[in-house]
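Reading through the structure tokens given below for one structure.
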Number of protein chains: 2
Amino acid sequence: MTTKDPLVVFTPSGKRGRFPRGTQLLQAARSLGVDVDSVCGGRALCGRCQVLVMEGDFPKHGISSHAANLSPLSETEQSFSQRRPLPAGQRLSCSARIEGDLVIDVPATSQVHRQVVRKTADTRPITLNPVVHLHYVEVREPDMHDPAGDLQRLLEALRREWDFGPLRCDLAVLQSLQAALRKGEWRVTVAVHAGSQLIGVWPGFHDQVYGLAVDVGSTTIAAVLCNLESGAVVGSAGAMNPQIRFGEDLMSRVSYAMMNPGGARQMTEAVRGALNTLAAEVAGAAGISVENILEVTVVGNPIMHHLLLGIDPVELGGAPFALASDSALGLRASELGLNLHPGARVYTLPCIAGHVGADAAGVMLAERPDLRDKLTLLVDVGTNAEIVLGNRQRLLACSSPTGPAFEGAQISCGQRAAPGAIERVRVDPRTLEARFKVIGSELWSDEPGFEASVAGTGVTGICGSGIIEVIAEMYLAGIISQDGVIDGGLAKRSDRIVATGRTFAYIVHRGAVPLRITQNDVRAIQLAKAALRAGVQLLMDHMGATEVDRIRLAGAFGSHIDVKYAMILGMIPDCDLSQVSSAGNAAGAGARIALLDSASRKTIEELVHRVEKIETAIEPKFQAHFVAAMGIPHSSEPYSNLRKAVQLPAPKTATAPRPGARGRRRAGA
Amino acid sequence: MTTKDPLVVFTPSGKRGRFPRGTQLLQAARSLGVDVDSVCGGRALCGRCQVLVMEGDFPKHGISSHAANLSPLSETEQSFSQRRPLPAGQRLSCSARIEGDLVIDVPATSQVHRQVVRKTADTRPITLNPVVHLHYVEVREPDMHDPAGDLQRLLEALRREWDFGPLRCDLAVLQSLQAALRKGEWRVTVAVHAGSQLIGVWPGFHDQVYGLAVDVGSTTIAAVLCNLESGAVVGSAGAMNPQIRFGEDLMSRVSYAMMNPGGARQMTEAVRGALNTLAAEVAGAAGISVENILEVTVVGNPIMHHLLLGIDPVELGGAPFALASDSALGLRASELGLNLHPGARVYTLPCIAGHVGADAAGVMLAERPDLRDKLTLLVDVGTNAEIVLGNRQRLLACSSPTGPAFEGAQISCGQRAAPGAIERVRVDPRTLEARFKVIGSELWSDEPGFEASVAGTGVTGICGSGIIEVIAEMYLAGIISQDGVIDGGLAKRSDRIVATGRTFAYIVHRGAVPLRITQNDVRAIQLAKAALRAGVQLLMDHMGATEVDRIRLAGAFGSHIDVKYAMILGMIPDCDLSQVSSAGNAAGAGARIALLDSASRKTIEELVHRVEKIETAIEPKFQAHFVAAMGIPHSSEPYSNLRKAVQLPAPKTATAPRPGARGRRRAGA
């Protein structure tokens with residue numbers, strides 16, 4: 001390299017160097033450490049190394065750059081562009097050679113560690129760094145003079161062309177290697193897992209490598225299919241968890257496992273079968289073969305996690321709620337009976353504690369509260385609420401035994417979120433009349449055409465978000481007091497308030513079968529929200545915090561709930577309402593991050609290790625917090641931030657209910 | 001530790017140190033690096049740490065040692081000795097505490113790396129150092145205050161009690177861990193593979209760990225069952241290789257795979273099924289469960305090796321004879337469909353080249369020619385002879401296409417070694433009469449009672465060793481010339497020499513169906529032995545050696561053959577007859593060494609890497625060596641050593657036969 005050699009500047013990195021005329025552009029980039037992707041190893045097959053020649057004078061760099069300073073379009077580039085047209089000004093850096101000064105832009109799509117943009121604005125982009133990479137190689141043919149095995153010559157090629165050290169090799173790869181080498185005429189593509197293990201081999205050039213991020217929920221299983229070379233989401237699908245036939249909620253499934261020999265096995269087979277169906281479905285819809293899925297990441301609560309792994313969840317059904325393992329696991333997909341590529345691997349995110357699972361780890365990975373100075377509260381509501389509180393300094397987590405009331409269970413007219421279910425409710429404080437919206441219709445119940453719009457489904461019940469809203473609205477309208485008592489005196493003002501024995505109920509919908517919120521329903525929600533709020537309070541106590549800066553509600557529930565009503569009800573602590581938002585399916589997003597960015601696995605494993613686990617069941621203050629949280633929004637906390645946004649009824653001294661009468665429910669305790 | 005503390009000397013190591021009174025003897029031994037075994041971690045359960053107190057004055061050590069200088073027999077020792085009596089003077093070093101000066105002998109049976117004595121005198125002992133170890137641990141119970149998973153608490157116990165670093169864990173262990181911990185009341189025994197992976201867990205104390213050394217031959221499969229804690233052979237068994245139904249010899253099996261879709265798969269299933277049957281049989285005979293077999297080592301020729309692994313052997317059927325892999329492999333037994341412990345592992349020894357397999361590697365490991373200054377020739381005769389020549393400086397290997405003549409195939413009256421087969425032959429040079437011995441009878445054919453002794457089987461044919469002997473004896477008696485021609489002129493002297501068309505034959509046995517050696521039979525043996533001898537000569541050429549110091553004949557053939565006749569026939573080069581011997585089933589012995597001493601795996605992998613592989617098919621001098629070796633014992637070499645021991649007919653100039661007329665056979669070439 002002399003000062004007379006052409007100068008080449010790569011953007012956006014700004015890396016620069018002088019290279020002899022005739023130097024391959026890709027080689028120049030690599031020698032400077034510029035991040036340029038390649039699957040085919042510089043053979044003009046994959047098109048991953050495309051770069052753009054910047055034309056013009058660049059005073060900043062002191063050079064003029066022109067397309068003519070690169071070698072003319074080579075035959076291989078012409079042949080490539082017949083298959084896949086090259087955008088104007090773009091060249092394959094493995095074919096183009098330096099002939100003069102150049103400014104070369106490496107577009108994001110040609111970078112190995114490019115960033116994948118996530119949909120919502122307030123989440124970080126994902127760095128694409130999958131655990132599986134494809135590498136195309138040309139292998140030396142066998143020779144009587146050298147008895148090296150085919151695998152050894154393949155490894156030699158991987159060392160020569162891709163700088164790999166020793167690699168282990170799956171037996172299945174060894175079984176198909178010889179045929180692949182001969183079919184591909186000594187050119188094959190291999191899949192290398194974690195830089196250390198050969199897990200797949202294809203004859204010739206192959207660039208199909210996909211991954212599946214799976215969120216195994218008790219009710220639904222969601223899978224997102226990603227292209228691991230581009231990071232793009234190419235499909236997603238959800239299915240009911242077929243384990244529901246063994247028990248609606250988590251604890252009834254644990255009971256099933258306890259009561260029925262082989263019951264855990266049956267549930268394991270059910271969830272694995274569902275995953276196979278889902279994988280085939282999402283791959284089929286995306287037009288790819290399941291054989292091209294090489295990596296799977298999994299999140300799920302501890303019981304789903306254990307059942308998928310074939311571990312009897314019986315220990316999670318009672319104190320001390322011992323997990324079989326809280327570590328992240330790396331497995332072969334075949335060990336879980338998954339019908340994907342024979343060498344596909346599975347990574348399960350770590351669990352935090354017996355009731356704070358890999359789903360909570362996924363939420364943490366998606367939300368990364370540890371990257372902020374502000375104190376973030378993450379809440380994922382299910383049968384148990386999983387709660388994380390933390391910032392850059394400290395992370396705390398617990399679960400709280402909310403029970404399934406928020407999901408519509410234990411509520412007289414409650415139902416799952418499905419067409420026909422009331423999901424939004426408004427109560428007029430003057431007339432005490434209710435209007436509502438139903439899943440499946442865009443209209444409010446008092447709008448013209450509503451009846452027709454729900455003719456197909458009817459109005460069948462109230463789902464979780466509807467229950468939150470109706471009770472909060474009843475409170476705002478003065479129908480229930482701060483301590484949760486339905487005011488029977490109002491029966492004089494409105495026929496929607498009706499006596500039911502010694503207590504009263506509020507009729508939300510006057511149908512053939514009226515939908516009513518009873519005193520017991522209000523109590524059930526109070527108990528559930530008090531448990532959640534008490535768990536949050538415990539974490540705040542441990543953190544020494546009197547308030548939180550941000551609240552993110554994760555999960556399906558968090559997506560559908562109106563955060564204002566959640567706060568009016570006192571499910572979450574007082575906070576500036578603009579700082580409270582849904583995190584969507586954050587657990588699933590965490591699974592996708594772990595899928596696309598293998599470095600994030602170490603991050604979440606270390607984060608989970610750092611988390612201080614708080615066991616609510618043995619915290620002496622839990623009961624007191626629970627009692628104090630029974631009031632709406634709270635029996636003692638003023639909720640000053642909320643009051644700035646919403647006109648709440650004047651606080652009054654609460655008559656604490658006696659939760660002991662119904663007892664606290666911890667799932668299975 | 002002060003100079004007033006008691007002095008303890010451990011023999012045979014001679015390690016010594018002073019320890020405070022009350023120090024546990026096992027702890028003292030370990031702190032000095034004395035090799036004392038323990039499975040139970042010092043809980044007086046396993047009895048592996050037994051030591052012997054030496055009584056008396058030891059001027060060499062300057063101390064008096066007495067049993068009274070140890071703490072009295074503890075309760076745990078008494079309880080142990082009720083289950084398993086302690087020999088006089090022996091104590092459990094985990095229970096006994098130092099109370100005064102002591103000389104303590106650690107018997108070989110209490111050493112971790114003790115030596116296992118092999119049967120034959122001229123082989124080295126094996127250092128017991130299995131890849132799987134059992135460890136008994138007490139695990140902390142789960143606790144609401146600490147949400148660590150059961151696996152994490154197990155790993156913590158293994159770190160605390162056994163000083164393990166991070167361990168990976170089989171999914172099957174994770175699946176059974178929680179039940180095992182609770183059944184064992186937080187005491188479990190685990191199996192750790194290669195110091196890095198948990199592969200088994202049992203409730204409470206468990207000390208059953210076995211390994212299987214397997215030699216997969218084309219004809220027979222042999223398995224030796226070893227106790228991996230003691231190194232003892234507890235059983236062995238052999239079975240016919242059921243692949244024989246797809247083809248008698250190796251090449252006909254490769255042909256079967258080539259001609260029949262799924263043929264390789266069928267043969268893979270056959271050999272795996274046979275291995276399962278054999279494992280169950282040998283375990284049953286030893287009174288152990290196959291579930292206690294945790295490790296398997298395998299040797300076999302390249303085709304058997306590939307078929308067992310489920311690799312289509314088609315590439316081994318033709319030049320350039322490319323192996324799928326020549327490396328040693330570590331696999332799960334379940335990947336090979338073996339029904340052993342679910343976590344059992346398999347280790348296959350490396351292959352040397354396309355025709356020099358893991359069986360030859362086994363022979364090398366058993367014989368270790370690299371440890372001697374003397375030049376050793378190792379010969380393993382099968383369809384292809386595998387030949388190794390070497391010493392401390394250099395190792396060479398090749399295979400030579402002998403074909404199956406030595407196994408009795410291609411010989412008119414040849415048969416497998418089985419009852420009724422002639423295995424020994426003597427020809428009287430004066431009368432030209434033959435006498436012989438038959439497998440299944442102890443009598444020579446001219447001894448009284450012989451007829452009765454073979455009445456059950458008859459005299460059915462001549463097996464490999466019988467063919468070697470009869471042709472060598474015919475040569476010694478002058479019936480065949482040095483160039484292999486049966487002298488028809490002798491028909492005048494003996495009715496055993498008969499005309500068969502234009503050539504002659506010799507009647508070995510005058511039965512209802514006479515057993516004869518025809519001119520073609522002699523030619524077949526000449527071709528086979530010339531191929532073998534030419535291979536040996538090539539290695540000697542490469543080595544620059546004109547003679548070898550030692551010859552070891554491996555395999556079933558080597559065990560049954562009389563080495564003198566093998567040399568008279570010129571199968572092997574001239575050598576002092578006292579330096580020629582059978583190595584027995586050396587390949588199988590190599591598998592057993594790899595089973596018992598995991599460090600030997602690295603040794604053989606490095607040795608195989610060092611071996612210079614000679615491909616006979618492309619060696620220009622092979623043909624000339626082959627032609628020169630057609631004569632008996634050789635067409636040009638004088639065999640001076642042999643002549644000192646045996647009176648050979650005077651050498652005469654050979655009329656070289658034309659081997660090209662029948663052509664050389666390389667299996668499948």
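Scheme for the structure tokens: letters A, B, ... for chains in order shown; per-chain residue numbers from 1; ligand numbers from 1 in order shown.
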Asp101 in chain A surroundings by only C-alpha atoms, 9 Å radius, close-in-sequence under 3 positions cut, as a list in words: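 Contacts, with the query itself left out: Asp5, Pro6, Leu7, Val8, Val9, Arg18, Ile63, Ser64, Ser65, His66, Asn69, Leu70 and Ile98 of chain A.
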Spatial neighbours of Ser581 in chain A, max dist 12 Å, only C-alpha atoms, sep filter under 5 positions, as a PyMOL selection string: chain A and resi 120+122+367+376-379+549-555+557-564+566-567+572+575-576+586
Please dump the current selection as a PDB file, in the first residue's frame; keep N, CA and C atoms.
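As a result, result.pdb now contains:
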```pdb
ATOM      1  N   THR A 120     -43.399  -0.378  17.663  1.00  0.00           N
ATOM      2  CA  THR A 120     -43.804   0.738  18.513  1.00  0.00           C
ATOM      3  C   THR A 120     -42.642   1.697  18.705  1.00  0.00           C
ATOM      4  N   ASP A 122     -41.663   3.584  21.173  1.00  0.00           N
ATOM      5  CA  ASP A 122     -40.890   3.720  22.408  1.00  0.00           C
ATOM      6  C   ASP A 122     -40.083   2.465  22.742  1.00  0.00           C
ATOM      7  N   GLU A 367     -38.371  -4.633  27.486  1.00  0.00           N
ATOM      8  CA  GLU A 367     -38.547  -3.305  28.083  1.00  0.00           C
ATOM      9  C   GLU A 367     -37.256  -2.726  28.636  1.00  0.00           C
ATOM     10  N   THR A 376     -39.172   2.201  36.521  1.00  0.00           N
ATOM     11  CA  THR A 376     -40.240   1.632  35.697  1.00  0.00           C
ATOM     12  C   THR A 376     -40.908   0.478  36.426  1.00  0.00           C
ATOM     13  N   LEU A 377     -42.237   0.470  36.356  1.00  0.00           N
ATOM     14  CA  LEU A 377     -43.002  -0.654  36.881  1.00  0.00           C
ATOM     15  C   LEU A 377     -43.548  -1.438  35.687  1.00  0.00           C
ATOM     16  N   LEU A 378     -43.197  -2.731  35.626  1.00  0.00           N
ATOM     17  CA  LEU A 378     -43.720  -3.598  34.562  1.00  0.00           C
ATOM     18  C   LEU A 378     -44.716  -4.555  35.192  1.00  0.00           C
ATOM     19  N   VAL A 379     -45.906  -4.623  34.624  1.00  0.00           N
ATOM     20  CA  VAL A 379     -46.928  -5.504  35.182  1.00  0.00           C
ATOM     21  C   VAL A 379     -47.471  -6.388  34.067  1.00  0.00           C
ATOM     22  N   ASP A 549     -42.000   6.157  38.195  1.00  0.00           N
ATOM     23  CA  ASP A 549     -41.955   7.163  37.132  1.00  0.00           C
ATOM     24  C   ASP A 549     -42.726   6.730  35.892  1.00  0.00           C
ATOM     25  N   ARG A 550     -42.712   5.433  35.640  1.00  0.00           N
ATOM     26  CA  ARG A 550     -43.336   4.916  34.412  1.00  0.00           C
ATOM     27  C   ARG A 550     -44.020   3.605  34.756  1.00  0.00           C
ATOM     28  N   ILE A 551     -45.094   3.325  34.062  1.00  0.00           N
ATOM     29  CA  ILE A 551     -45.753   2.025  34.227  1.00  0.00           C
ATOM     30  C   ILE A 551     -46.006   1.452  32.837  1.00  0.00           C
ATOM     31  N   ARG A 552     -45.614   0.190  32.638  1.00  0.00           N
ATOM     32  CA  ARG A 552     -45.864  -0.484  31.356  1.00  0.00           C
ATOM     33  C   ARG A 552     -46.684  -1.733  31.665  1.00  0.00           C
ATOM     34  N   LEU A 553     -47.824  -1.839  30.995  1.00  0.00           N
ATOM     35  CA  LEU A 553     -48.702  -2.990  31.211  1.00  0.00           C
ATOM     36  C   LEU A 553     -48.509  -3.967  30.054  1.00  0.00           C
ATOM     37  N   ALA A 554     -48.042  -5.142  30.386  1.00  0.00           N
ATOM     38  CA  ALA A 554     -47.710  -6.113  29.340  1.00  0.00           C
ATOM     39  C   ALA A 554     -48.832  -7.121  29.169  1.00  0.00           C
ATOM     40  N   GLY A 555     -48.814  -7.818  28.055  1.00  0.00           N
ATOM     41  CA  GLY A 555     -49.734  -8.919  27.835  1.00  0.00           C
ATOM     42  C   GLY A 555     -51.010  -8.469  27.155  1.00  0.00           C
ATOM     43  N   PHE A 557     -53.967  -8.503  28.294  1.00  0.00           N
ATOM     44  CA  PHE A 557     -54.753  -7.681  29.202  1.00  0.00           C
ATOM     45  C   PHE A 557     -54.281  -6.228  29.129  1.00  0.00           C
ATOM     46  N   GLY A 558     -52.952  -6.046  29.202  1.00  0.00           N
ATOM     47  CA  GLY A 558     -52.384  -4.706  29.143  1.00  0.00           C
ATOM     48  C   GLY A 558     -52.696  -4.002  27.836  1.00  0.00           C
ATOM     49  N   SER A 559     -52.867  -4.789  26.772  1.00  0.00           N
ATOM     50  CA  SER A 559     -53.128  -4.189  25.462  1.00  0.00           C
ATOM     51  C   SER A 559     -54.551  -3.678  25.350  1.00  0.00           C
ATOM     52  N   HIS A 560     -55.484  -4.329  26.047  1.00  0.00           N
ATOM     53  CA  HIS A 560     -56.895  -3.999  25.862  1.00  0.00           C
ATOM     54  C   HIS A 560     -57.434  -3.058  26.917  1.00  0.00           C
ATOM     55  N   ILE A 561     -56.766  -2.996  28.026  1.00  0.00           N
ATOM     56  CA  ILE A 561     -57.249  -2.212  29.142  1.00  0.00           C
ATOM     57  C   ILE A 561     -57.041  -0.726  28.848  1.00  0.00           C
ATOM     58  N   ASP A 562     -57.946   0.117  29.316  1.00  0.00           N
ATOM     59  CA  ASP A 562     -57.747   1.563  29.291  1.00  0.00           C
ATOM     60  C   ASP A 562     -56.999   1.901  30.585  1.00  0.00           C
ATOM     61  N   VAL A 563     -55.769   2.386  30.433  1.00  0.00           N
ATOM     62  CA  VAL A 563     -54.917   2.534  31.621  1.00  0.00           C
ATOM     63  C   VAL A 563     -55.547   3.473  32.651  1.00  0.00           C
ATOM     64  N   LYS A 564     -56.361   4.409  32.181  1.00  0.00           N
ATOM     65  CA  LYS A 564     -56.992   5.347  33.110  1.00  0.00           C
ATOM     66  C   LYS A 564     -57.885   4.585  34.101  1.00  0.00           C
ATOM     67  N   ALA A 566     -57.704   1.432  34.860  1.00  0.00           N
ATOM     68  CA  ALA A 566     -56.883   0.574  35.728  1.00  0.00           C
ATOM     69  C   ALA A 566     -56.388   1.382  36.922  1.00  0.00           C
ATOM     70  N   MET A 567     -56.061   2.650  36.667  1.00  0.00           N
ATOM     71  CA  MET A 567     -55.561   3.451  37.772  1.00  0.00           C
ATOM     72  C   MET A 567     -56.703   3.919  38.677  1.00  0.00           C
ATOM     73  N   ILE A 572     -52.981  -0.208  39.710  1.00  0.00           N
ATOM     74  CA  ILE A 572     -51.586   0.248  39.635  1.00  0.00           C
ATOM     75  C   ILE A 572     -51.446   1.486  40.497  1.00  0.00           C
ATOM     76  N   CYS A 575     -49.590   7.609  39.266  1.00  0.00           N
ATOM     77  CA  CYS A 575     -48.483   7.933  38.353  1.00  0.00           C
ATOM     78  C   CYS A 575     -49.044   8.916  37.339  1.00  0.00           C
ATOM     79  N   ASP A 576     -48.180   9.754  36.775  1.00  0.00           N
ATOM     80  CA  ASP A 576     -48.591  10.632  35.683  1.00  0.00           C
ATOM     81  C   ASP A 576     -49.173   9.752  34.574  1.00  0.00           C
ATOM     82  N   ALA A 586     -45.179  -7.973  25.369  1.00  0.00           N
ATOM     83  CA  ALA A 586     -43.765  -7.729  25.633  1.00  0.00           C
ATOM     84  C   ALA A 586     -43.013  -9.043  25.828  1.00  0.00           C
TER      85      ALA A 586
END
```
Selection: 6 Å around range 421-434 of chain A, only C-alpha atoms, excl. self and same-chain fewer than 4 positions, as a compact mmCIF listing (two decimals) with N, CA and C atoms, in the first residue's frame:
```
# COMPACT_ATOMS: atom_id res chain seq x y z
N VAL A 438 -69.24 -3.60 22.40
CA VAL A 438 -69.14 -5.07 22.42
C VAL A 438 -68.07 -5.48 21.40
N ILE A 439 -67.32 -6.47 21.74
CA ILE A 439 -66.31 -6.97 20.79
C ILE A 439 -67.02 -7.46 19.54
N THR A 460 -73.16 -11.16 25.26
CA THR A 460 -73.12 -12.43 26.00
C THR A 460 -72.50 -12.35 27.39
N GLY A 461 -71.73 -11.33 27.66
CA GLY A 461 -71.08 -11.24 28.97
C GLY A 461 -70.16 -10.04 28.98
N ILE A 462 -69.36 -9.96 30.01
CA ILE A 462 -68.44 -8.83 30.14
C ILE A 462 -67.02 -9.40 30.25
N CYS A 463 -66.12 -8.93 29.39
CA CYS A 463 -64.75 -9.46 29.45
C CYS A 463 -63.92 -8.61 30.41
N SER A 465 -61.50 -6.29 30.37
CA SER A 465 -61.37 -4.84 30.30
C SER A 465 -62.71 -4.18 30.58
N GLY A 466 -63.83 -4.83 30.20
CA GLY A 466 -65.16 -4.29 30.47
C GLY A 466 -65.45 -4.27 31.96
N GLU A 469 -63.67 -1.43 33.56
CA GLU A 469 -64.30 -0.15 33.24
C GLU A 469 -65.62 0.03 33.97
N VAL A 470 -66.42 -1.02 34.00
CA VAL A 470 -67.75 -0.83 34.61
C VAL A 470 -67.61 -0.55 36.11
N GLU A 473 -66.30 2.97 36.48
CA GLU A 473 -67.35 3.93 36.14
C GLU A 473 -68.43 3.97 37.24
N ALA A 477 -69.44 7.23 39.23
CA ALA A 477 -70.84 7.68 39.25
C ALA A 477 -71.43 7.63 40.65
N VAL A 508 -75.93 -3.81 33.88
CA VAL A 508 -75.17 -3.16 32.82
C VAL A 508 -75.96 -3.23 31.51
```
Spatial neighbours of range 159-175 of chain B, 8 Å, only C-alpha atoms, chain gap at least 4 places, as a list in words: Leu309, Gly310, Ile311, Asp312, Ala324, Ser325, Leu331 and Glu335 of chain A; Gly41, His135, Val137, Leu151, Leu155, Gly195, Ser196, Gln197, Leu198, Ile199, Gly200, Val201, Pro342 and Gly343 of chain B
Selection near Leu154 in chain A, 9 Å with only C-alpha atoms, sequence-local residues under 4 positions removed, as a PyMOL selection string: chain A and resi 137-140+149-150+158-159+188
May I have the residues from that selection written out with N, CA and C atoms, as a PDB file, in the first residue's frame?
```
ATOM      1  N   VAL A 137     -19.552 -22.818   1.110  1.00  0.00           N
ATOM      2  CA  VAL A 137     -18.133 -23.149   0.958  1.00  0.00           C
ATOM      3  C   VAL A 137     -17.907 -24.090  -0.214  1.00  0.00           C
ATOM      4  N   GLU A 138     -16.713 -24.030  -0.724  1.00  0.00           N
ATOM      5  CA  GLU A 138     -16.279 -24.991  -1.735  1.00  0.00           C
ATOM      6  C   GLU A 138     -15.290 -25.936  -1.068  1.00  0.00           C
ATOM      7  N   VAL A 139     -15.623 -27.211  -1.128  1.00  0.00           N
ATOM      8  CA  VAL A 139     -14.853 -28.216  -0.391  1.00  0.00           C
ATOM      9  C   VAL A 139     -13.941 -28.952  -1.371  1.00  0.00           C
ATOM     10  N   ARG A 140     -12.728 -29.196  -0.943  1.00  0.00           N
ATOM     11  CA  ARG A 140     -11.775 -29.957  -1.729  1.00  0.00           C
ATOM     12  C   ARG A 140     -12.328 -31.368  -1.957  1.00  0.00           C
ATOM     13  N   GLY A 149     -11.435 -37.461   5.822  1.00  0.00           N
ATOM     14  CA  GLY A 149     -12.869 -37.654   5.651  1.00  0.00           C
ATOM     15  C   GLY A 149     -13.525 -36.418   5.064  1.00  0.00           C
ATOM     16  N   ASP A 150     -14.740 -36.591   4.538  1.00  0.00           N
ATOM     17  CA  ASP A 150     -15.474 -35.464   3.962  1.00  0.00           C
ATOM     18  C   ASP A 150     -15.677 -34.360   4.997  1.00  0.00           C
ATOM     19  N   LEU A 158     -14.127 -24.471   5.855  1.00  0.00           N
ATOM     20  CA  LEU A 158     -14.722 -23.464   6.743  1.00  0.00           C
ATOM     21  C   LEU A 158     -13.635 -22.666   7.462  1.00  0.00           C
ATOM     22  N   ARG A 159     -12.542 -23.318   7.720  1.00  0.00           N
ATOM     23  CA  ARG A 159     -11.414 -22.625   8.345  1.00  0.00           C
ATOM     24  C   ARG A 159     -10.800 -21.662   7.330  1.00  0.00           C
ATOM     25  N   VAL A 188     -21.349 -26.596  -0.865  1.00  0.00           N
ATOM     26  CA  VAL A 188     -22.475 -26.765   0.056  1.00  0.00           C
ATOM     27  C   VAL A 188     -22.643 -25.503   0.892  1.00  0.00           C
TER      28      VAL A 188
END
```
Picked from range 331-401 of chain B by DSSP as strand (DSSP E or B), as a PyMOL selection string: chain B and resi 331-332+345-348+353+356+376-380+385-390+395-400
Go ahead and write the residues just picked, C-alpha atoms, as a PDB file, in the first residue's frame.
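To be explicit, this is the file written out as again_23.pdb:
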```pdb
ATOM      1  CA  LEU B 331     -22.769 -39.109  20.701  1.00  0.00           C
ATOM      2  CA  ARG B 332     -25.754 -39.929  22.819  1.00  0.00           C
ATOM      3  CA  ARG B 345     -23.012 -41.676  25.697  1.00  0.00           C
ATOM      4  CA  VAL B 346     -21.175 -43.383  22.869  1.00  0.00           C
ATOM      5  CA  TYR B 347     -17.603 -42.797  21.845  1.00  0.00           C
ATOM      6  CA  THR B 348     -16.446 -44.136  18.487  1.00  0.00           C
ATOM      7  CA  ALA B 353      -8.493 -44.003   6.334  1.00  0.00           C
ATOM      8  CA  VAL B 356      -8.309 -48.586   7.860  1.00  0.00           C
ATOM      9  CA  THR B 376       6.345 -53.533  15.360  1.00  0.00           C
ATOM     10  CA  LEU B 377       4.145 -54.842  12.584  1.00  0.00           C
ATOM     11  CA  LEU B 378       0.452 -55.093  13.466  1.00  0.00           C
ATOM     12  CA  VAL B 379      -1.738 -57.091  11.126  1.00  0.00           C
ATOM     13  CA  ASP B 380      -5.506 -57.454  11.418  1.00  0.00           C
ATOM     14  CA  ALA B 385      -6.086 -56.623   5.948  1.00  0.00           C
ATOM     15  CA  GLU B 386      -5.402 -53.538   8.045  1.00  0.00           C
ATOM     16  CA  ILE B 387      -1.678 -53.118   8.557  1.00  0.00           C
ATOM     17  CA  VAL B 388       0.208 -50.803  10.907  1.00  0.00           C
ATOM     18  CA  LEU B 389       3.971 -50.566  11.061  1.00  0.00           C
ATOM     19  CA  GLY B 390       5.815 -48.352  13.452  1.00  0.00           C
ATOM     20  CA  LEU B 395       3.770 -44.855  12.344  1.00  0.00           C
ATOM     21  CA  LEU B 396       2.509 -46.030   8.972  1.00  0.00           C
ATOM     22  CA  ALA B 397      -0.742 -47.725   8.051  1.00  0.00           C
ATOM     23  CA  CYS B 398      -2.409 -49.171   5.004  1.00  0.00           C
ATOM     24  CA  SER B 399      -5.006 -51.695   4.066  1.00  0.00           C
ATOM     25  CA  SER B 400      -4.452 -54.418   1.575  1.00  0.00           C
TER      26      SER B 400
END
```
Among the residues B:Thr603, B:Thr268, B:Thr383, B:Ser79, the one that comes closest to chain A [using only C-alpha atoms]: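 Between B:Thr603, B:Thr268, B:Thr383, B:Ser79, the residue approaching chain A most closely is B:Thr268.
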Neighbour list for Asp105 in chain B as JSON, numbers by chain, cut-off 6 Å, only C-alpha atoms, skip fewer than 3 positions in-chain: {"B": [10, 11, 51, 52]}
For Gln243 in chain A, the nearest of the candidates A:Ile303, A:Leu228, A:Val381, A:Ile593, counting only C-alpha atoms: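 Between A:Ile303, A:Leu228, A:Val381, A:Ile593, the residue approaching Gln243 in chain A most closely is A:Ile303.
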Shell around range 12-14 of chain B at 10 Å using only C-alpha atoms, local window under 3 positions removed, as number ranges by chain: B: 8-9, 33-35, 61, 103-108
Closest of B:Ala148, B:His509, B:Val646, B:Glu141 to Gly184 in chain B - atom-to-atom distances counting only C-alpha atoms: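 Of the candidates, the smallest distance to Gly184 in chain B is held by B:Glu141.
Across B:Gln526, B:Gln178, B:Gln115, B:Ser110, the tightest approach to chain A is made by B:Gln178 when counting only C-alpha atoms.
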Interatomic distance (Å, one decimal) between CA of Ala405 in chain A and CA of Ala530 in chain A: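 CA of Ala530 in chain A lies at a distance of 11.8 Å from CA of Ala405 in chain A.
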